[in-house]
>>> print(open('upload_0.cif').read())   # mmCIF, C-alpha atoms
data_start
loop_
_atom_site.label_atom_id
_atom_site.label_comp_id
_atom_site.auth_asym_id
_atom_site.auth_seq_id
_atom_site.Cartn_x
_atom_site.Cartn_y
_atom_site.Cartn_z
CA MET A 1 -6.31 21.63 -6.64
CA PRO A 2 -2.48 21.22 -6.70
CA GLY A 3 -0.74 18.86 -9.04
CA LYS A 4 -2.16 19.73 -12.50
CA GLY A 5 1.15 19.70 -14.42
CA ALA A 6 3.04 16.58 -15.51
CA LEU A 7 5.21 16.52 -12.40
CA GLY A 8 2.20 17.19 -10.21
CA GLN A 9 0.23 14.40 -11.86
CA CYS A 10 3.12 12.00 -11.33
CA PHE A 11 3.29 12.98 -7.67
CA ARG A 12 -0.46 12.41 -7.29
CA VAL A 13 -0.09 8.81 -8.48
CA VAL A 14 3.00 8.27 -6.30
CA ALA A 15 1.21 9.64 -3.24
CA VAL A 16 -1.94 7.59 -3.78
CA TYR A 17 0.05 4.40 -4.44
CA ILE A 18 2.22 4.82 -1.34
CA GLY A 19 -0.70 5.91 0.80
CA THR A 20 -2.88 2.94 -0.10
CA VAL A 21 -0.10 0.38 0.36
CA ILE A 22 0.93 1.86 3.73
CA GLY A 23 -2.68 1.93 4.83
CA ALA A 24 -3.36 -1.62 3.67
CA GLY A 25 -0.12 -3.29 4.63
CA PHE A 26 1.50 -1.39 7.48
CA ALA A 27 -1.49 -0.55 9.67
CA SER A 28 -0.61 -2.80 12.60
CA GLY A 29 3.10 -3.45 12.10
CA GLN A 30 2.45 -7.19 12.19
CA GLU A 31 2.74 -7.38 8.40
CA ILE A 32 6.41 -6.37 8.45
CA LEU A 33 7.08 -8.89 11.21
CA GLN A 34 5.21 -11.80 9.65
CA PHE A 35 6.37 -11.30 6.05
CA PHE A 36 9.95 -10.05 6.43
CA ILE A 37 11.47 -9.89 9.92
CA VAL A 38 10.77 -13.59 10.55
CA PHE A 39 13.46 -14.37 7.96
CA GLY A 40 16.13 -12.32 9.70
CA SER A 41 18.66 -10.72 7.35
CA ARG A 42 17.21 -12.67 4.41
CA GLY A 43 13.98 -10.77 4.88
CA LEU A 44 15.74 -7.79 3.28
CA TRP A 45 15.75 -9.73 0.01
CA GLY A 46 12.03 -10.21 0.41
CA ALA A 47 11.64 -6.46 0.84
CA VAL A 48 13.71 -5.82 -2.29
CA LEU A 49 11.60 -8.32 -4.23
CA ALA A 50 8.42 -6.66 -3.01
CA ALA A 51 9.68 -3.20 -4.04
CA VAL A 52 10.57 -4.40 -7.55
CA LEU A 53 7.21 -6.12 -7.98
CA PHE A 54 5.30 -3.10 -6.66
CA GLY A 55 7.18 -0.92 -9.15
CA LEU A 56 6.67 -3.15 -12.19
CA LEU A 57 3.04 -3.93 -11.39
CA GLY A 58 2.36 -0.24 -10.73
CA LEU A 59 3.83 0.61 -14.13
CA PHE A 60 1.74 -2.04 -15.95
CA LEU A 61 -1.37 -1.16 -13.95
CA MET A 62 -1.23 2.55 -14.78
CA LYS A 63 -0.40 1.81 -18.42
CA LEU A 64 -3.54 -0.33 -18.65
CA VAL A 65 -5.64 2.19 -16.72
CA MET A 66 -4.60 5.01 -19.04
CA THR A 67 -5.10 2.90 -22.17
CA LEU A 68 -8.63 1.88 -21.15
CA ARG A 69 -9.37 5.27 -19.52
CA THR A 70 -11.07 3.56 -16.61
CA THR A 71 -12.89 5.33 -13.80
CA SER A 72 -13.28 2.28 -11.51
CA TYR A 73 -11.76 -1.14 -11.05
CA ALA A 74 -15.02 -2.68 -12.32
CA GLN A 75 -14.03 -1.42 -15.78
CA LEU A 76 -10.49 -2.78 -15.42
CA LEU A 77 -11.17 -6.38 -14.41
CA PRO A 78 -13.24 -7.76 -17.35
CA PRO A 79 -10.59 -7.04 -20.04
CA LEU A 80 -8.00 -8.77 -17.84
CA MET A 81 -9.85 -11.95 -16.83
CA GLY A 82 -13.29 -12.09 -18.41
CA HIS A 83 -16.64 -11.20 -16.90
CA ARG A 84 -17.17 -14.32 -14.77
CA LEU A 85 -13.79 -14.29 -13.05
CA ALA A 86 -13.98 -10.49 -12.77
CA GLY A 87 -17.22 -10.87 -10.84
CA LEU A 88 -15.58 -13.28 -8.42
CA VAL A 89 -12.59 -10.98 -7.91
CA ASP A 90 -14.98 -8.09 -7.38
CA LEU A 91 -16.69 -9.99 -4.55
CA LEU A 92 -13.35 -10.89 -2.99
CA SER A 93 -12.25 -7.25 -3.16
CA LEU A 94 -15.47 -6.09 -1.54
CA ALA A 95 -14.85 -8.60 1.25
CA MET A 96 -11.22 -7.48 1.79
CA LEU A 97 -11.74 -3.72 1.72
CA PRO A 98 -13.96 -3.56 4.85
CA GLY A 99 -11.45 -5.84 6.59
CA GLY A 100 -8.63 -3.41 5.80
CA LEU A 101 -10.73 -0.51 7.06
CA ALA A 102 -11.47 -2.38 10.28
CA VAL A 103 -7.75 -3.01 10.86
CA MET A 104 -6.90 0.66 10.35
CA LEU A 105 -9.68 1.81 12.67
CA ALA A 106 -8.52 -0.67 15.30
CA GLY A 107 -4.97 0.63 14.88
CA SER A 108 -6.19 4.17 15.53
CA GLY A 109 -7.88 2.99 18.71
CA ALA A 110 -4.70 1.23 19.82
CA VAL A 111 -2.66 4.42 19.29
CA PHE A 112 -5.09 6.40 21.46
CA GLN A 113 -4.83 3.82 24.23
CA GLU A 114 -1.11 3.03 24.14
CA GLN A 115 0.32 6.48 23.42
CA PHE A 116 -2.17 8.82 25.11
CA GLY A 117 -3.87 6.63 27.71
CA LEU A 118 -7.31 7.43 26.25
CA ALA A 119 -10.24 5.16 25.44
CA PRO A 120 -9.71 3.25 22.15
CA ALA A 121 -13.21 4.22 21.03
CA GLY A 122 -12.05 7.84 20.73
CA GLY A 123 -9.36 6.91 18.22
CA VAL A 124 -11.75 4.74 16.23
CA MET A 125 -14.37 7.50 16.07
CA LEU A 126 -11.83 10.16 15.09
CA ALA A 127 -10.37 7.99 12.31
CA ALA A 128 -13.85 7.11 11.07
CA PHE A 129 -14.86 10.80 11.03
CA ILE A 130 -11.75 11.84 9.07
CA THR A 131 -12.28 8.96 6.63
CA ALA A 132 -15.90 9.95 6.04
CA LEU A 133 -14.86 13.58 5.57
CA VAL A 134 -12.31 12.63 2.92
CA ILE A 135 -14.82 10.41 1.11
CA LEU A 136 -17.38 13.24 1.00
CA PHE A 137 -15.01 15.12 -1.34
CA GLY A 138 -14.78 12.11 -3.66
CA LEU A 139 -11.68 11.28 -5.67
CA GLU A 140 -10.19 14.76 -5.25
CA GLY A 141 -10.46 14.37 -1.49
CA VAL A 142 -8.61 11.06 -1.58
CA LEU A 143 -5.88 12.52 -3.78
CA LEU A 144 -5.45 15.63 -1.64
CA ALA A 145 -5.36 13.62 1.60
CA ASN A 146 -2.62 11.36 0.27
CA MET A 147 -0.60 14.26 -1.15
CA ILE A 148 -0.57 15.82 2.32
CA LEU A 149 -0.16 12.70 4.47
CA VAL A 150 2.33 10.64 2.46
CA PRO A 151 5.25 13.13 2.78
CA VAL A 152 4.53 13.32 6.51
CA LYS A 153 4.52 9.51 6.74
CA LEU A 154 7.78 9.19 4.81
CA LEU A 155 9.42 11.81 7.02
CA ALA A 156 8.24 10.00 10.15
CA ILE A 157 9.48 6.63 8.84
CA GLY A 158 12.86 8.13 7.98
CA LEU A 159 13.24 9.72 11.41
CA VAL A 160 12.27 6.49 13.18
CA CYS A 161 14.78 4.53 11.10
CA LEU A 162 17.58 6.99 11.83
CA PHE A 163 16.70 7.02 15.53
CA ALA A 164 16.73 3.20 15.66
CA LEU A 165 20.07 3.01 13.85
CA PHE A 166 21.54 5.62 16.17
CA LEU A 167 20.46 3.71 19.26
CA HIS A 168 20.98 0.11 18.16
CA GLY A 169 23.08 0.13 15.00
CA ILE A 170 22.62 -2.51 12.30
CA SER A 171 22.21 -5.86 14.03
CA LEU A 172 19.96 -8.08 11.97
CA PRO A 173 19.58 -11.66 13.23
CA PRO A 174 20.55 -14.43 10.81
CA GLY A 175 17.65 -16.30 9.26
CA GLU A 176 18.37 -19.46 11.28
CA GLN A 177 17.75 -17.62 14.56
CA ALA A 178 14.65 -15.75 13.46
CA VAL A 179 11.12 -16.73 14.41
CA ARG A 180 9.81 -19.08 11.75
CA PRO A 181 6.41 -18.64 10.06
CA VAL A 182 3.92 -21.46 10.65
CA THR A 183 3.85 -22.80 7.09
CA GLY A 184 5.54 -25.33 4.88
CA LEU A 185 6.31 -22.74 2.20
CA ASN A 186 9.10 -21.27 4.28
CA HIS A 187 10.94 -18.94 1.89
CA TRP A 188 11.42 -15.17 1.81
CA ALA A 189 10.63 -14.98 -1.94
CA TRP A 190 7.25 -16.66 -1.48
CA PHE A 191 6.34 -14.33 1.38
CA GLY A 192 7.45 -11.27 -0.60
CA LEU A 193 5.20 -12.38 -3.46
CA LEU A 194 2.25 -12.94 -1.11
CA TYR A 195 2.79 -9.53 0.48
CA VAL A 196 2.60 -7.77 -2.87
CA SER A 197 -0.41 -9.83 -3.96
CA TYR A 198 -2.70 -8.96 -1.09
CA ASN A 199 -1.48 -5.36 -0.82
CA LEU A 200 -2.39 -4.59 -4.44
CA VAL A 201 -6.13 -4.94 -3.80
CA VAL A 202 -6.61 -1.41 -2.45
CA PRO A 203 -4.19 0.35 -4.87
CA VAL A 204 -5.92 -1.27 -7.85
CA ALA A 205 -9.30 -0.09 -6.56
CA VAL A 206 -8.06 3.50 -6.16
CA LEU A 207 -5.62 3.90 -9.05
CA SER A 208 -8.07 2.48 -11.59
CA SER A 209 -10.30 5.51 -10.98
CA LEU A 210 -7.68 7.92 -12.38
CA GLY A 211 -7.89 6.91 -16.02
CA ARG A 212 -9.64 10.06 -17.24
CA SER A 213 -8.03 12.65 -15.00
CA LEU A 214 -4.31 12.23 -15.86
CA GLU A 215 -1.96 12.17 -18.81
CA LYS A 216 -0.48 8.80 -19.72
CA ARG A 217 3.27 9.41 -19.33
CA PRO A 218 3.27 10.99 -15.83
CA ALA A 219 0.66 8.46 -14.66
CA VAL A 220 2.74 5.47 -15.80
CA LEU A 221 5.92 6.96 -14.33
CA GLY A 222 4.06 7.59 -11.08
CA GLY A 223 3.03 3.94 -10.95
CA LEU A 224 6.64 2.82 -11.27
CA VAL A 225 8.11 5.33 -8.80
CA GLY A 226 5.32 4.91 -6.27
CA GLY A 227 5.75 1.15 -6.23
CA LEU A 228 9.51 1.34 -5.76
CA VAL A 229 9.23 3.91 -2.97
#
>>> encode(input="upload_0.cif", output="structure tokens")
Amino acid sequence: MPGKGALGQCFRVVAVYIGTVIGAGFASGQEILQFFIVFGSRGLWGAVLAAVLFGLLGLFLMKLVMTLRTTSYAQLLPPLMGHRLAGLVDLLSLAMLPGGLAVMLAGSGAVFQEQFGLAPAGGVMLAAFITALVILFGLEGVLLANMILVPVKLLAIGLVCLFALFLHGISLPPGEQAVRPVTGLNHWAWFGLLYVSYNLVVPVAVLSSLGRSLEKRPAVLGGLVGGLV
């Protein structure tokens, strides 16, 4: 298994953190629209806020995970909030995780239909099969999958950004002309905070399982770098 040295361990955390946030919060593309683009150019400040919070929370999360040497998020929650509240958060997490999986499977079906003209069920079944295959290999399978896929994802995102800039240039609409969210709390900072809050559910569940397989310093650094990236 690659990634046994300090640098490799750091990269494992970075890859898992990025992979889980992209999977949880970028699956349909609507998240970027609803949380950032609706504020026009001011949405960039929301993105910056989200990056800083992801970085800081990733650092504190991995520091706590390595201190407690946890192997699951069930071991992480009670020291943070007590057993009763931890039980409630556990139930909420169990309710959100299948929802995130359903969104990603639906996104796979949409890609099959929109890009290849095939039946959406084919994309759903293929994504479900790959997911089950990764899970069969346990934690090492999840780590390896993210170490392979995350660089590919980042390369694809970079190419799409460059292609969009080449074709359209930088032409962000001012906030006053952007589509407004349907809420009274109409501020980019609030939406950046909400985005980070709900997108930490999956990373916490995955990263908390690494407490006994990594060294503390590269793990904590990986939490910070992964969140910022």
>>> axis_aligned_box(input="upload_0.cif", around="region 40-51 of chain A", padding_each_side="5 Å", output="AutoDock Vina command-line options")
--center_x 13.5 --center_y -7.9 --center_z 2.7 --size_x 20.2 --size_y 19.5 --size_z 23.9
>>> closest_residue(input="upload_0.cif", among="A:Leu126, A:Leu88, A:Ala6, A:Leu133", to="Ser213 (chain A)", atoms="all atoms listed in the file")
A:Ala6
>>> closest_residue(input="upload_0.cif", among="A:Leu200, A:Ile22, A:Ala74, A:Leu210", to="Asp90 (chain A)", atoms="all atoms listed in the file")
A:Ala74
>>> resolve_selection(input="upload_0.cif", expression="the PyMOL selection byres ((chain A and resi 8-13) around 12)", output="JSON list (two decimals) with C-alpha atoms, in the frame of the given file")
[["chain", "number", "residue", "atom", "x", "y", "z"],
["A", 1, "MET", "CA", -6.31, 21.63, -6.64],
["A", 2, "PRO", "CA", -2.48, 21.22, -6.70],
["A", 3, "GLY", "CA", -0.74, 18.86, -9.04],
["A", 4, "LYS", "CA", -2.16, 19.73, -12.50],
["A", 5, "GLY", "CA", 1.15, 19.70, -14.42],
["A", 6, "ALA", "CA", 3.04, 16.58, -15.51],
["A", 7, "LEU", "CA", 5.21, 16.52, -12.40],
["A", 14, "VAL", "CA", 3.00, 8.27, -6.30],
["A", 15, "ALA", "CA", 1.21, 9.64, -3.24],
["A", 16, "VAL", "CA", -1.94, 7.59, -3.78],
["A", 17, "TYR", "CA", 0.05, 4.40, -4.44],
["A", 18, "ILE", "CA", 2.22, 4.82, -1.34],
["A", 19, "GLY", "CA", -0.70, 5.91, 0.80],
["A", 20, "THR", "CA", -2.88, 2.94, -0.10],
["A", 58, "GLY", "CA", 2.36, -0.24, -10.73],
["A", 59, "LEU", "CA", 3.83, 0.61, -14.13],
["A", 61, "LEU", "CA", -1.37, -1.16, -13.95],
["A", 62, "MET", "CA", -1.23, 2.55, -14.78],
["A", 65, "VAL", "CA", -5.64, 2.19, -16.72],
["A", 139, "LEU", "CA", -11.68, 11.28, -5.67],
["A", 140, "GLU", "CA", -10.19, 14.76, -5.25],
["A", 141, "GLY", "CA", -10.46, 14.37, -1.49],
["A", 142, "VAL", "CA", -8.61, 11.06, -1.58],
["A", 143, "LEU", "CA", -5.88, 12.52, -3.78],
["A", 144, "LEU", "CA", -5.45, 15.63, -1.64],
["A", 145, "ALA", "CA", -5.36, 13.62, 1.60],
["A", 146, "ASN", "CA", -2.62, 11.36, 0.27],
["A", 147, "MET", "CA", -0.60, 14.26, -1.15],
["A", 148, "ILE", "CA", -0.57, 15.82, 2.32],
["A", 149, "LEU", "CA", -0.16, 12.70, 4.47],
["A", 150, "VAL", "CA", 2.33, 10.64, 2.46],
["A", 151, "PRO", "CA", 5.25, 13.13, 2.78],
["A", 203, "PRO", "CA", -4.19, 0.35, -4.87],
["A", 204, "VAL", "CA", -5.92, -1.27, -7.85],
["A", 206, "VAL", "CA", -8.06, 3.50, -6.16],
["A", 207, "LEU", "CA", -5.62, 3.90, -9.05],
["A", 208, "SER", "CA", -8.07, 2.48, -11.59],
["A", 209, "SER", "CA", -10.30, 5.51, -10.98],
["A", 210, "LEU", "CA", -7.68, 7.92, -12.38],
["A", 211, "GLY", "CA", -7.89, 6.91, -16.02],
["A", 213, "SER", "CA", -8.03, 12.65, -15.00],
["A", 214, "LEU", "CA", -4.31, 12.23, -15.86],
["A", 215, "GLU", "CA", -1.96, 12.17, -18.81],
["A", 216, "LYS", "CA", -0.48, 8.80, -19.72],
["A", 217, "ARG", "CA", 3.27, 9.41, -19.33],
["A", 218, "PRO", "CA", 3.27, 10.99, -15.83],
["A", 219, "ALA", "CA", 0.66, 8.46, -14.66],
["A", 220, "VAL", "CA", 2.74, 5.47, -15.80],
["A", 221, "LEU", "CA", 5.92, 6.96, -14.33],
["A", 222, "GLY", "CA", 4.06, 7.59, -11.08],
["A", 223, "GLY", "CA", 3.03, 3.94, -10.95],
["A", 224, "LEU", "CA", 6.64, 2.82, -11.27],
["A", 225, "VAL", "CA", 8.11, 5.33, -8.80],
["A", 226, "GLY", "CA", 5.32, 4.91, -6.27],
["A", 227, "GLY", "CA", 5.75, 1.15, -6.23],
["A", 229, "VAL", "CA", 9.23, 3.91, -2.97]]
>>> atom_distance(input="upload_0.cif", atom1="CA of Leu53 (chain A)", atom2="CA of Leu228 (chain A)")
8.1 Å
>>> atom_distance(input="upload_0.cif", atom1="CA of Leu49 (chain A)", atom2="CA of Trp190 (chain A)")
9.8 Å
>>> closest_residue(input="upload_0.cif", among="A:Val201, A:Ala189, A:Ala164, A:Met125", to="Leu92 (chain A)", atoms="only C-alpha atoms")
A:Val201
